[in-house]
>>> print(open('run.txt').read())   # compact mmCIF, C-alpha atoms and all ligand atoms
# COMPACT_ATOMS: atom_id res chain seq x y z
CA MET K 1 133.35 87.53 78.54
CA LYS K 2 134.29 85.74 81.73
CA THR K 3 136.40 87.33 84.42
CA GLU K 4 139.99 86.23 84.74
CA LEU K 5 139.95 86.71 88.54
CA LEU K 6 139.29 83.04 89.07
CA PRO K 7 139.75 81.15 92.34
CA GLU K 8 142.50 78.57 92.64
CA ALA K 9 141.50 75.04 91.51
CA GLY K 10 140.04 73.08 94.41
CA LYS K 11 138.87 76.20 96.26
CA GLY K 12 135.94 78.57 96.10
CA ARG K 13 132.18 78.49 96.39
CA VAL K 14 130.12 75.81 94.69
CA VAL K 15 126.47 76.43 93.79
CA ALA K 16 124.22 73.48 92.93
CA LEU K 17 120.66 73.74 91.61
CA CYS K 18 118.54 70.79 92.71
CA GLY K 19 115.08 69.35 93.21
CA GLY K 20 114.08 66.09 94.86
CA VAL K 21 115.81 62.75 95.42
CA GLY K 22 118.39 62.66 92.56
CA GLY K 23 119.48 66.21 93.28
CA ALA K 24 119.73 65.62 97.03
CA LYS K 25 122.05 62.63 96.47
CA LEU K 26 124.60 64.70 94.54
CA ALA K 27 124.09 67.55 97.01
CA LEU K 28 125.14 65.16 99.78
CA GLY K 29 128.27 64.13 97.85
CA LEU K 30 129.18 67.77 97.26
CA SER K 31 128.57 68.68 100.91
CA ARG K 32 130.93 65.90 102.01
CA LEU K 33 133.64 67.44 99.83
CA VAL K 34 133.16 71.21 100.25
CA GLY K 35 130.92 71.62 103.35
CA ALA K 36 130.23 75.27 104.11
CA ASP K 37 131.46 76.31 100.63
CA LEU K 38 128.31 74.76 99.13
CA SER K 39 125.11 76.70 98.40
CA LEU K 40 122.14 74.64 97.25
CA VAL K 41 119.47 76.51 95.29
CA VAL K 42 116.41 74.32 95.76
CA ASN K 43 113.17 74.08 93.77
CA THR K 44 110.09 75.36 95.60
CA GLY K 45 107.69 74.80 92.67
CA ASP K 46 106.49 71.60 94.41
CA ASP K 47 105.54 73.53 97.57
CA PHE K 48 101.90 73.65 98.55
CA GLU K 49 99.46 74.28 101.37
CA HIS K 50 98.00 71.08 102.69
CA LEU K 51 95.75 70.73 105.75
CA GLY K 52 96.63 74.35 106.51
CA LEU K 53 100.37 73.54 106.56
CA SER K 54 103.17 74.97 104.38
CA ILE K 55 104.88 71.95 102.81
CA SER K 56 108.22 72.29 100.96
CA PRO K 57 109.04 68.74 99.77
CA ASP K 58 112.28 69.38 97.87
CA LEU K 59 113.77 71.62 100.56
CA ASP K 60 112.91 68.97 103.14
CA THR K 61 114.39 66.12 101.08
CA VAL K 62 117.66 68.07 100.88
CA LEU K 63 117.49 68.95 104.61
CA TYR K 64 116.89 65.35 105.69
CA THR K 65 119.48 63.94 103.26
CA LEU K 66 122.27 66.29 104.37
CA GLY K 67 121.15 65.88 107.99
CA GLY K 68 121.60 62.09 107.64
CA ILE K 69 117.99 61.33 108.58
CA ALA K 70 116.35 60.78 105.15
CA ASN K 71 114.02 57.84 104.64
CA LYS K 72 115.98 55.92 101.99
CA GLU K 73 113.19 53.40 101.30
CA LEU K 74 110.51 56.01 100.57
CA GLY K 75 112.86 58.55 98.95
CA TRP K 76 111.11 61.32 100.90
CA GLY K 77 110.38 62.09 104.55
CA ARG K 78 112.36 60.98 107.60
CA ALA K 79 113.90 57.69 108.66
CA ASP K 80 112.52 56.08 111.85
CA GLU K 81 109.12 57.53 111.10
CA SER K 82 105.78 56.62 112.67
CA TRP K 83 102.37 57.30 111.17
CA ASN K 84 99.98 57.80 114.10
CA PHE K 85 98.83 61.21 112.87
CA MET K 86 97.96 59.81 109.41
CA GLN K 87 96.08 56.86 110.90
CA ALA K 88 94.05 59.14 113.17
CA LEU K 89 93.40 61.52 110.27
CA ALA K 90 92.23 58.69 107.98
CA HIS K 91 89.97 57.45 110.79
CA LEU K 92 88.25 60.84 110.76
CA GLY K 93 87.82 60.63 106.98
CA GLY K 94 90.47 63.35 106.42
CA GLU K 95 92.66 63.69 103.32
CA ALA K 96 95.13 60.81 103.44
CA TRP K 97 96.55 60.88 99.88
CA PHE K 98 99.59 62.89 101.00
CA GLN K 99 101.40 61.14 103.84
CA LEU K 100 102.83 63.20 106.69
CA GLY K 101 104.85 61.21 109.22
CA ASP K 102 104.72 62.14 112.90
CA ARG K 103 108.31 63.45 113.06
CA ASP K 104 108.11 65.12 109.63
CA LEU K 105 104.95 66.88 110.79
CA ALA K 106 106.96 68.90 113.32
CA LEU K 107 108.90 70.57 110.48
CA HIS K 108 105.72 71.55 108.61
CA VAL K 109 103.96 72.81 111.75
CA GLU K 110 106.94 74.92 112.83
CA ARG K 111 107.54 76.27 109.29
CA THR K 112 103.87 77.25 108.98
CA HIS K 113 103.97 78.93 112.38
CA GLN K 114 107.12 80.91 111.58
CA LEU K 115 106.02 81.93 108.07
CA ARG K 116 102.73 83.20 109.53
CA ALA K 117 104.72 85.20 112.08
CA GLY K 118 106.49 86.92 109.16
CA ARG K 119 109.76 84.95 108.93
CA SER K 120 110.97 84.19 105.40
CA LEU K 121 111.28 80.63 104.07
CA THR K 122 115.01 81.33 103.54
CA ASP K 123 115.49 82.24 107.23
CA PHE K 124 113.42 79.30 108.40
CA MET K 125 115.46 76.82 106.32
CA ALA K 126 118.73 78.36 107.58
CA GLY K 127 117.56 77.70 111.15
CA ALA K 128 116.41 74.16 110.31
CA ALA K 129 119.78 73.40 108.63
CA ARG K 130 121.64 74.66 111.72
CA ALA K 131 119.42 72.51 113.95
CA HIS K 132 120.46 69.46 111.89
CA GLY K 133 124.18 70.33 111.99
CA ILE K 134 124.34 71.13 108.24
CA THR K 135 127.08 73.57 107.20
CA ALA K 136 126.02 73.94 103.52
CA SER K 137 123.46 76.67 102.75
CA ILE K 138 120.05 75.28 101.77
CA LEU K 139 118.43 78.14 99.85
CA PRO K 140 114.86 78.20 98.52
CA MET K 141 115.04 79.55 94.94
CA SER K 142 112.68 82.34 96.05
CA ASP K 143 110.72 83.47 99.10
CA ASP K 144 107.84 84.34 96.78
CA PRO K 145 105.34 81.58 95.93
CA ILE K 146 105.98 79.83 92.60
CA ARG K 147 103.73 76.82 91.97
CA THR K 148 104.26 74.19 89.27
CA THR K 149 101.01 73.24 87.51
CA LEU K 150 100.62 70.72 84.74
CA THR K 151 98.31 70.65 81.75
CA THR K 152 97.42 66.96 81.50
CA SER K 153 95.05 64.48 79.91
CA GLU K 154 92.97 65.01 83.10
CA GLY K 155 93.03 68.81 82.87
CA GLN K 156 95.04 71.29 84.95
CA LEU K 157 96.65 69.65 87.97
CA PRO K 158 98.66 71.26 90.79
CA PHE K 159 102.04 69.50 91.09
CA GLN K 160 101.36 67.30 94.14
CA ARG K 161 97.94 66.18 92.80
CA TYR K 162 99.71 65.05 89.61
CA PHE K 163 102.80 63.58 91.29
CA VAL K 164 101.52 61.98 94.47
CA GLU K 165 97.76 61.59 94.17
CA ARG K 166 97.73 60.56 90.48
CA ARG K 167 101.21 58.97 90.63
CA CYS K 168 102.29 60.74 87.41
CA ALA K 169 99.74 58.64 85.43
CA PRO K 170 98.12 61.48 83.39
CA THR K 171 99.78 62.41 80.11
CA VAL K 172 101.57 65.76 80.39
CA HIS K 173 100.93 68.30 77.61
CA GLY K 174 102.48 71.35 79.26
CA ILE K 175 104.09 72.69 82.44
CA ALA K 176 103.69 76.17 83.93
CA PHE K 177 105.20 77.92 86.94
CA GLU K 178 102.47 80.09 88.41
CA GLY K 179 103.66 83.23 90.14
CA ALA K 180 107.11 83.04 88.51
CA SER K 181 106.77 86.27 86.54
CA SER K 182 106.30 88.36 89.70
CA ALA K 183 108.75 86.42 91.89
CA ARG K 184 112.31 87.39 92.80
CA PRO K 185 115.22 85.14 93.72
CA SER K 186 116.18 85.52 97.37
CA ALA K 187 119.19 87.73 98.19
CA PRO K 188 121.40 84.78 99.28
CA VAL K 189 120.73 83.03 95.93
CA VAL K 190 121.88 86.12 94.01
CA GLU K 191 124.92 86.52 96.30
CA ALA K 192 125.89 82.86 95.88
CA LEU K 193 125.76 83.06 92.08
CA GLN K 194 127.73 86.33 92.07
CA ALA K 195 130.36 85.22 94.61
CA PRO K 196 133.80 86.51 93.56
CA ASP K 197 135.30 83.10 94.42
CA LEU K 198 132.68 81.04 92.54
CA ARG K 199 134.23 77.68 91.59
CA ALA K 200 131.37 75.91 89.78
CA VAL K 201 127.64 75.98 89.18
CA ILE K 202 126.14 72.50 88.98
CA LEU K 203 122.74 71.50 87.65
CA CYS K 204 122.07 68.30 89.61
CA PRO K 205 120.57 65.18 87.93
CA SER K 206 117.09 66.27 88.99
CA ASN K 207 114.13 66.27 86.61
CA PRO K 208 114.97 69.15 84.19
CA PHE K 209 111.29 69.90 83.48
CA LEU K 210 109.84 69.65 87.00
CA SER K 211 112.78 70.45 89.29
CA ILE K 212 115.34 72.61 87.45
CA ASP K 213 113.07 74.57 85.08
CA PRO K 214 111.13 76.21 87.97
CA ILE K 215 114.47 77.48 89.32
CA LEU K 216 115.45 78.78 85.87
CA ALA K 217 111.99 80.38 85.53
CA THR K 218 112.61 82.50 88.64
CA PRO K 219 113.36 85.91 87.12
CA GLY K 220 117.08 86.71 87.14
CA ILE K 221 118.42 83.22 87.83
CA ARG K 222 118.92 82.20 84.19
CA ALA K 223 120.79 85.47 83.52
CA LEU K 224 122.96 84.92 86.61
CA LEU K 225 123.91 81.49 85.25
CA GLU K 226 124.66 82.92 81.81
CA GLN K 227 126.93 85.54 83.41
CA ALA K 228 128.47 83.23 86.02
CA ALA K 229 132.23 83.64 86.33
CA ALA K 230 132.62 79.88 86.71
CA PRO K 231 131.78 76.82 84.62
CA VAL K 232 128.13 75.75 84.57
CA ILE K 233 127.94 71.95 84.47
CA ALA K 234 124.85 69.73 84.25
CA VAL K 235 124.75 66.09 85.28
CA SER K 236 122.39 64.22 82.97
CA PRO K 237 119.55 62.44 84.82
CA ILE K 238 119.23 59.99 81.90
CA ILE K 239 121.10 56.68 82.05
CA GLY K 240 120.71 54.28 79.12
CA GLY K 241 117.49 55.89 77.88
CA ALA K 242 115.76 55.86 81.28
CA ALA K 243 115.63 58.00 84.40
CA VAL K 244 116.89 56.40 87.63
CA LYS K 245 113.66 57.27 89.45
CA GLY K 246 110.58 59.35 88.80
CA PRO K 247 108.78 60.46 85.65
CA THR K 248 111.60 62.22 83.74
CA ALA K 249 111.70 59.79 80.77
CA LYS K 250 107.87 59.49 80.69
CA ILE K 251 107.45 63.27 80.57
CA MET K 252 110.15 63.61 77.91
CA ALA K 253 108.28 61.07 75.73
CA GLU K 254 104.98 62.89 76.30
CA LEU K 255 106.56 66.24 75.36
CA GLY K 256 108.10 64.66 72.23
CA VAL K 257 111.69 64.85 73.51
CA PRO K 258 113.91 61.73 73.18
CA ALA K 259 115.16 60.34 76.51
CA THR K 260 118.85 60.98 75.76
CA SER K 261 121.62 63.02 77.32
CA ARG K 262 121.89 64.91 74.01
CA ALA K 263 118.29 66.08 74.56
CA ILE K 264 119.21 67.16 78.12
CA ALA K 265 122.12 69.21 76.70
CA GLN K 266 119.75 70.79 74.17
CA HIS K 267 117.20 71.52 76.91
CA TYR K 268 119.84 73.57 78.76
CA GLU K 269 121.15 75.18 75.55
CA GLY K 270 122.94 78.48 76.13
CA LEU K 271 123.61 77.74 79.80
CA LEU K 272 126.16 74.93 79.90
CA ASP K 273 129.94 74.82 79.75
CA GLY K 274 129.91 71.06 80.14
CA LEU K 275 127.76 67.97 80.58
CA VAL K 276 128.42 64.87 82.69
CA ILE K 277 126.96 61.63 81.31
CA ASP K 278 126.99 58.03 82.49
CA ASP K 279 129.48 55.38 81.38
CA VAL K 280 126.74 53.37 79.66
CA ASP K 281 126.03 56.37 77.42
CA ALA K 282 129.67 56.92 76.43
CA GLY K 283 128.64 56.26 72.81
CA GLU K 284 126.50 59.44 72.91
CA ARG K 285 129.50 61.66 73.59
CA GLY K 286 130.05 62.53 69.93
CA THR K 287 126.41 63.58 69.47
CA ILE K 288 126.63 66.29 72.16
CA ASP K 289 128.01 69.79 71.46
CA GLY K 290 130.68 71.02 73.87
CA PRO K 291 132.74 69.34 76.57
CA VAL K 292 131.38 66.04 77.93
CA HIS K 293 132.73 64.07 80.89
CA VAL K 294 131.88 60.35 81.11
CA THR K 295 131.74 58.71 84.54
CA PRO K 296 129.40 56.46 86.58
CA THR K 297 126.43 58.66 87.60
CA LEU K 298 124.23 56.08 89.36
CA MET K 299 124.38 56.95 93.09
CA LYS K 300 123.47 53.92 95.22
CA THR K 301 125.81 54.55 98.15
CA ASP K 302 127.25 57.61 99.89
CA GLU K 303 130.60 56.67 98.32
CA ASP K 304 128.96 56.83 94.83
CA ARG K 305 127.60 60.28 95.74
CA GLU K 306 131.00 61.52 96.83
CA HIS K 307 132.70 59.97 93.80
CA LEU K 308 130.34 61.69 91.36
CA ALA K 309 130.71 65.00 93.24
CA ARG K 310 134.51 64.72 92.98
CA GLU K 311 134.32 63.94 89.24
CA VAL K 312 132.00 66.91 88.62
CA LEU K 313 134.25 69.31 90.54
CA ARG K 314 137.37 68.06 88.75
CA PHE K 315 135.61 68.49 85.39
CA ALA K 316 134.56 72.01 86.41
CA ASP K 317 138.10 72.87 87.51
CA SER K 318 139.50 71.66 84.17
CA LEU K 319 136.96 73.79 82.28
CA ARG K 320 137.75 76.79 84.48
CA THR K 321 141.40 76.51 83.57
CA ALA K 322 140.35 76.54 79.91
CA MET K 323 138.07 79.54 80.53
CA ALA K 324 140.96 81.50 82.11
CA ASN K 325 142.94 81.02 78.90
CA PRO K 326 141.16 82.98 76.12
CA THR K 327 142.68 80.82 73.38
CA ARG K 328 140.96 77.77 74.90
CA ALA K 329 137.76 79.51 75.93
CA VAL K 330 134.66 77.35 75.89
CA ALA K 331 131.78 78.91 74.00
CA ARG K 332 128.34 78.76 75.62
N1 LIG D 1 105.64 61.49 97.90
C1 LIG D 1 104.79 60.48 97.68
O1 LIG D 1 104.92 59.79 96.67
N2 LIG D 1 103.74 60.24 98.56
C2 LIG D 1 103.57 60.97 99.67
O2 LIG D 1 102.61 60.73 100.42
C3 LIG D 1 104.52 62.02 99.95
C4 LIG D 1 104.43 62.77 101.10
C5 LIG D 1 105.44 63.72 101.37
C6 LIG D 1 105.42 64.43 102.57
C7 LIG D 1 106.40 65.37 102.85
C8 LIG D 1 107.41 65.60 101.91
O3 LIG D 1 108.36 66.51 102.18
C9 LIG D 1 107.45 64.91 100.72
C10 LIG D 1 106.46 63.96 100.43
N3 LIG D 1 106.48 63.24 99.24
C11 LIG D 1 105.55 62.25 99.01
C12 LIG D 1 107.49 63.47 98.23
C13 LIG D 1 107.22 64.65 97.30
O4 LIG D 1 105.93 65.01 97.19
C14 LIG D 1 107.83 64.47 95.91
O5 LIG D 1 108.79 63.45 95.85
C15 LIG D 1 108.53 65.71 95.47
O6 LIG D 1 107.72 66.84 95.48
C16 LIG D 1 109.15 65.55 94.08
O7 LIG D 1 110.44 65.99 94.15
>>> encode(input="run.txt", output="structure tokens")
Amino acid sequence: MKTELLPEAGKGRVVALCGGVGGAKLALGLSRLVGADLSLVVNTGDDFEHLGLSISPDLDTVLYTLGGIANKELGWGRADESWNFMQALAHLGGEAWFQLGDRDLALHVERTHQLRAGRSLTDFMAGAARAHGITASILPMSDDPIRTTLTTSEGQLPFQRYFVERRCAPTVHGIAFEGASSARPSAPVVEALQAPDLRAVILCPSNPFLSIDPILATPGIRALLEQAAAPVIAVSPIIGGAAVKGPTAKIMAELGVPATSRAIAQHYEGLLDGLVIDDVDAGERGTIDGPVHVTPTLMKTDEDREHLAREVLRFADSLRTAMANPTRAVAR
């Protein structure tokens, strides 16, 4: 049963779970609306050690996006980047399949240095966010290592080998999150999801299998969502049977799941109070159990990002009003 001590509509903490590019876009829209009231719980399943450096791609995509310095053409890394380090590395015959720009490199070097000195990833990211003038909290899902690995037509592949080196070409048969069973969510993640003034929990339109599932596989997080005293809303990453970017629809086909928003709702079964789908999929509304909000979800501009964030928060506020009234309670 949900608490009736609910914050006033339009106020309170917002928690968003997100992975790479799609998630970071909505995260930016939300940060423009609620600023310091936003906590982003970010996937670290893509993290890896490369050339002796600790790389956290999804955290960094969120950091650069909210810091206003993301490379919009690439979809990862920094704007105004130069590649002298990579050219010199390739000249030496070093591993050049994973590109590290000169400015981006500073973040990886400093993170590696601080983690080795005993600082947590959570603390490091808090400092990096401050350095970029970001007021939202960018929280790794865990400070313990959780690594996404894929069972593919080419055997077992660590995430970045599959995603970057093999460009998602191998057929995916299964996905595992190594280390998840012994990991713990960080204290700020637990606090954010248990905040007494929690307004909404949002599952961003990130890849459900590769970006959101590792977060949900972190012990305790799924239960915190199930018990959340605020509506849990997902934004479907599927528009008109395709994903905006990345391998979501390809992986769904390979795992035998139709590329529909109904399938996204079923994937998150037991967690959601509502689903946001795109205008072009309005016809799917009747096929989905529970409340559905239809609105444009394609985020090309910062205004699109802010518009979608506003729609999601309004939807959440309307569901919260229903949750506060037991006769209109929404069943999960
Ligand atoms: N993605 C690529 O497709 N190619 C790259 O060379 C690459 C380098 C890279 C370096 C730092 C970083 O933070 C991200 C980087 N990404 C690269 C993106 C990243 O690997 C994936 O987009 C995410 O892991 C998926 O969300």
>>> atom_distance(input="run.txt", atom1="atom CA of K:Val232", atom2="atom CA of K:Gly29")
17.6 Å
>>> residues_near_ligand(input="run.txt", ligand="ligand LIG 1 (chain D)", cutoff="8 Å", atoms="all atoms listed in the file", output="compact mmCIF listing (two decimals) with C-alpha atoms, in the frame of the given file")
# COMPACT_ATOMS: atom_id res chain seq x y z
CA GLY K 19 115.08 69.35 93.21
CA GLY K 20 114.08 66.09 94.86
CA VAL K 21 115.81 62.75 95.42
CA ASP K 46 106.49 71.60 94.41
CA ASP K 47 105.54 73.53 97.57
CA ILE K 55 104.88 71.95 102.81
CA SER K 56 108.22 72.29 100.96
CA PRO K 57 109.04 68.74 99.77
CA ASP K 58 112.28 69.38 97.87
CA LEU K 59 113.77 71.62 100.56
CA ASP K 60 112.91 68.97 103.14
CA THR K 61 114.39 66.12 101.08
CA LEU K 74 110.51 56.01 100.57
CA GLY K 75 112.86 58.55 98.95
CA TRP K 76 111.11 61.32 100.90
CA GLY K 77 110.38 62.09 104.55
CA TRP K 97 96.55 60.88 99.88
CA PHE K 98 99.59 62.89 101.00
CA GLN K 99 101.40 61.14 103.84
CA LEU K 100 102.83 63.20 106.69
CA GLY K 101 104.85 61.21 109.22
CA ASP K 104 108.11 65.12 109.63
CA PHE K 159 102.04 69.50 91.09
CA GLN K 160 101.36 67.30 94.14
CA PHE K 163 102.80 63.58 91.29
CA VAL K 164 101.52 61.98 94.47
CA GLU K 165 97.76 61.59 94.17
CA ARG K 167 101.21 58.97 90.63
CA SER K 211 112.78 70.45 89.29
>>> closest_atom_pairs(input="run.txt", of="stretch 148-261 of chain K", to="stretch 109-130 of chain K", cutoff="10 Å", atoms="only C-alpha atoms", output="Markdown table")
| residue | atom | partner | partner_atom | distance |
| --- | --- | --- | --- | --- |
| K:Ser186 | CA | K:Thr122 | CA | 7.5 |
| K:Ala187 | CA | K:Thr122 | CA | 9.3 |
| K:Pro188 | CA | K:Thr122 | CA | 8.4 |
| K:Val189 | CA | K:Thr122 | CA | 9.7 |
>>> residues_around(input="run.txt", residues="K:Arg262", least_positions_apart="5", cutoff="10 Å", atoms="only C-alpha atoms", output="CSV table (one decimal) with C-alpha atoms, keeping the file's coordinate frame")
chain,number,residue,atom,x,y,z
K,236,SER,CA,122.4,64.2,83.0
K,238,ILE,CA,119.2,60.0,81.9
K,267,HIS,CA,117.2,71.5,76.9
K,275,LEU,CA,127.8,68.0,80.6
K,277,ILE,CA,127.0,61.6,81.3
K,284,GLU,CA,126.5,59.4,72.9
K,285,ARG,CA,129.5,61.7,73.6
K,286,GLY,CA,130.0,62.5,69.9
K,287,THR,CA,126.4,63.6,69.5
K,288,ILE,CA,126.6,66.3,72.2
K,289,ASP,CA,128.0,69.8,71.5
>>> closest_residue(input="run.txt", among="K:Asn71, K:Leu105, K:Gln87, K:Ala195", to="K:Asp37", atoms="only C-alpha atoms")
K:Ala195
>>> closest_residue(input="run.txt", among="K:Lys300, K:Pro158, K:Asp279, K:Gly290", to="K:Glu49", atoms="all atoms listed in the file")
K:Pro158
>>> atom_distance(input="run.txt", atom1="atom CA of K:Thr260", atom2="atom CA of K:Val42")
24.2 Å
>>> atom_distance(input="run.txt", atom1="atom CA of K:Phe85", atom2="atom CA of K:Asp102")
6.0 Å
>>> closest_atom_pairs(input="run.txt", of="stretch 75-174 of chain K", to="stretch 244-258 of chain K", cutoff="9 Å", atoms="only C-alpha atoms", output="CSV")
residue,atom,partner,partner_atom,distance
K:Phe163,CA,K:Pro247,CA,8.8
K:Cys168,CA,K:Pro247,CA,6.7
K:Thr171,CA,K:Glu254,CA,6.5
K:Val172,CA,K:Glu254,CA,6.0
K:His173,CA,K:Leu255,CA,6.4
K:Gly174,CA,K:Leu255,CA,7.6
>>> closest_residue(input="run.txt", among="K:Ala183, K:Leu224, K:Leu28, K:Met323", to="K:Glu306", atoms="only C-alpha atoms")
K:Leu28
>>> closest_residue(input="run.txt", among="K:Gly35, K:Gly179, K:Pro208, K:Pro145", to="K:Gln266", atoms="all atoms listed in the file")
K:Pro208
>>> residues_near_point(input="run.txt", point="(125.1, 65.6, 98.6)", cutoff="9 Å", atoms="all atoms listed in the file", output="PyMOL selection string")
chain K and resi 23-33+62+65-66+302+305-306+309
>>> closest_residue(input="run.txt", among="K:Asp278, K:Leu107, K:Lys72, K:Gly155", to="K:Thr301", atoms="all atoms listed in the file")
K:Lys72
>>> decode(input="run.txt", residues="stretch 233-246 of chain K", atoms="N, CA and C atoms", output="tab-separated table (two decimals), in the first residue's frame")
chain	number	residue	atom	x	y	z
K	233	ILE	N	7.18	5.50	-13.74
K	233	ILE	CA	6.76	5.70	-15.13
K	233	ILE	C	7.91	5.31	-16.05
K	234	ALA	N	7.62	4.55	-17.10
K	234	ALA	CA	8.66	4.29	-18.12
K	234	ALA	C	8.31	5.07	-19.38
K	235	VAL	N	9.34	5.53	-20.07
K	235	VAL	CA	9.16	6.12	-21.40
K	235	VAL	C	9.65	5.07	-22.39
K	236	SER	N	8.75	4.64	-23.28
K	236	SER	CA	9.13	3.59	-24.23
K	236	SER	C	10.22	4.08	-25.20
K	237	PRO	N	11.26	3.26	-25.39
K	237	PRO	CA	12.30	3.65	-26.36
K	237	PRO	C	11.93	3.27	-27.79
K	238	ILE	N	10.75	2.64	-27.96
K	238	ILE	CA	10.33	2.18	-29.29
K	238	ILE	C	9.38	3.20	-29.91
K	239	ILE	N	9.71	3.62	-31.14
K	239	ILE	CA	8.83	4.53	-31.87
K	239	ILE	C	8.55	3.90	-33.23
K	240	GLY	N	7.28	3.57	-33.47
K	240	GLY	CA	6.90	2.99	-34.77
K	240	GLY	C	7.67	1.71	-35.10
K	241	GLY	N	7.86	0.86	-34.12
K	241	GLY	CA	8.49	-0.45	-34.36
K	241	GLY	C	10.01	-0.41	-34.45
K	242	ALA	N	10.61	0.76	-34.17
K	242	ALA	CA	12.08	0.86	-34.25
K	242	ALA	C	12.59	1.65	-33.05
K	243	ALA	N	13.87	1.47	-32.75
K	243	ALA	CA	14.49	2.29	-31.70
K	243	ALA	C	15.11	3.50	-32.39
K	244	VAL	N	15.15	4.63	-31.69
K	244	VAL	CA	15.68	5.86	-32.28
K	244	VAL	C	17.14	5.66	-32.66
K	245	LYS	N	17.90	4.99	-31.81
K	245	LYS	CA	19.33	4.81	-32.02
K	245	LYS	C	19.72	3.53	-31.30
K	246	GLY	N	20.76	2.88	-31.76
K	246	GLY	CA	21.27	1.74	-31.02
K	246	GLY	C	20.53	0.44	-31.34
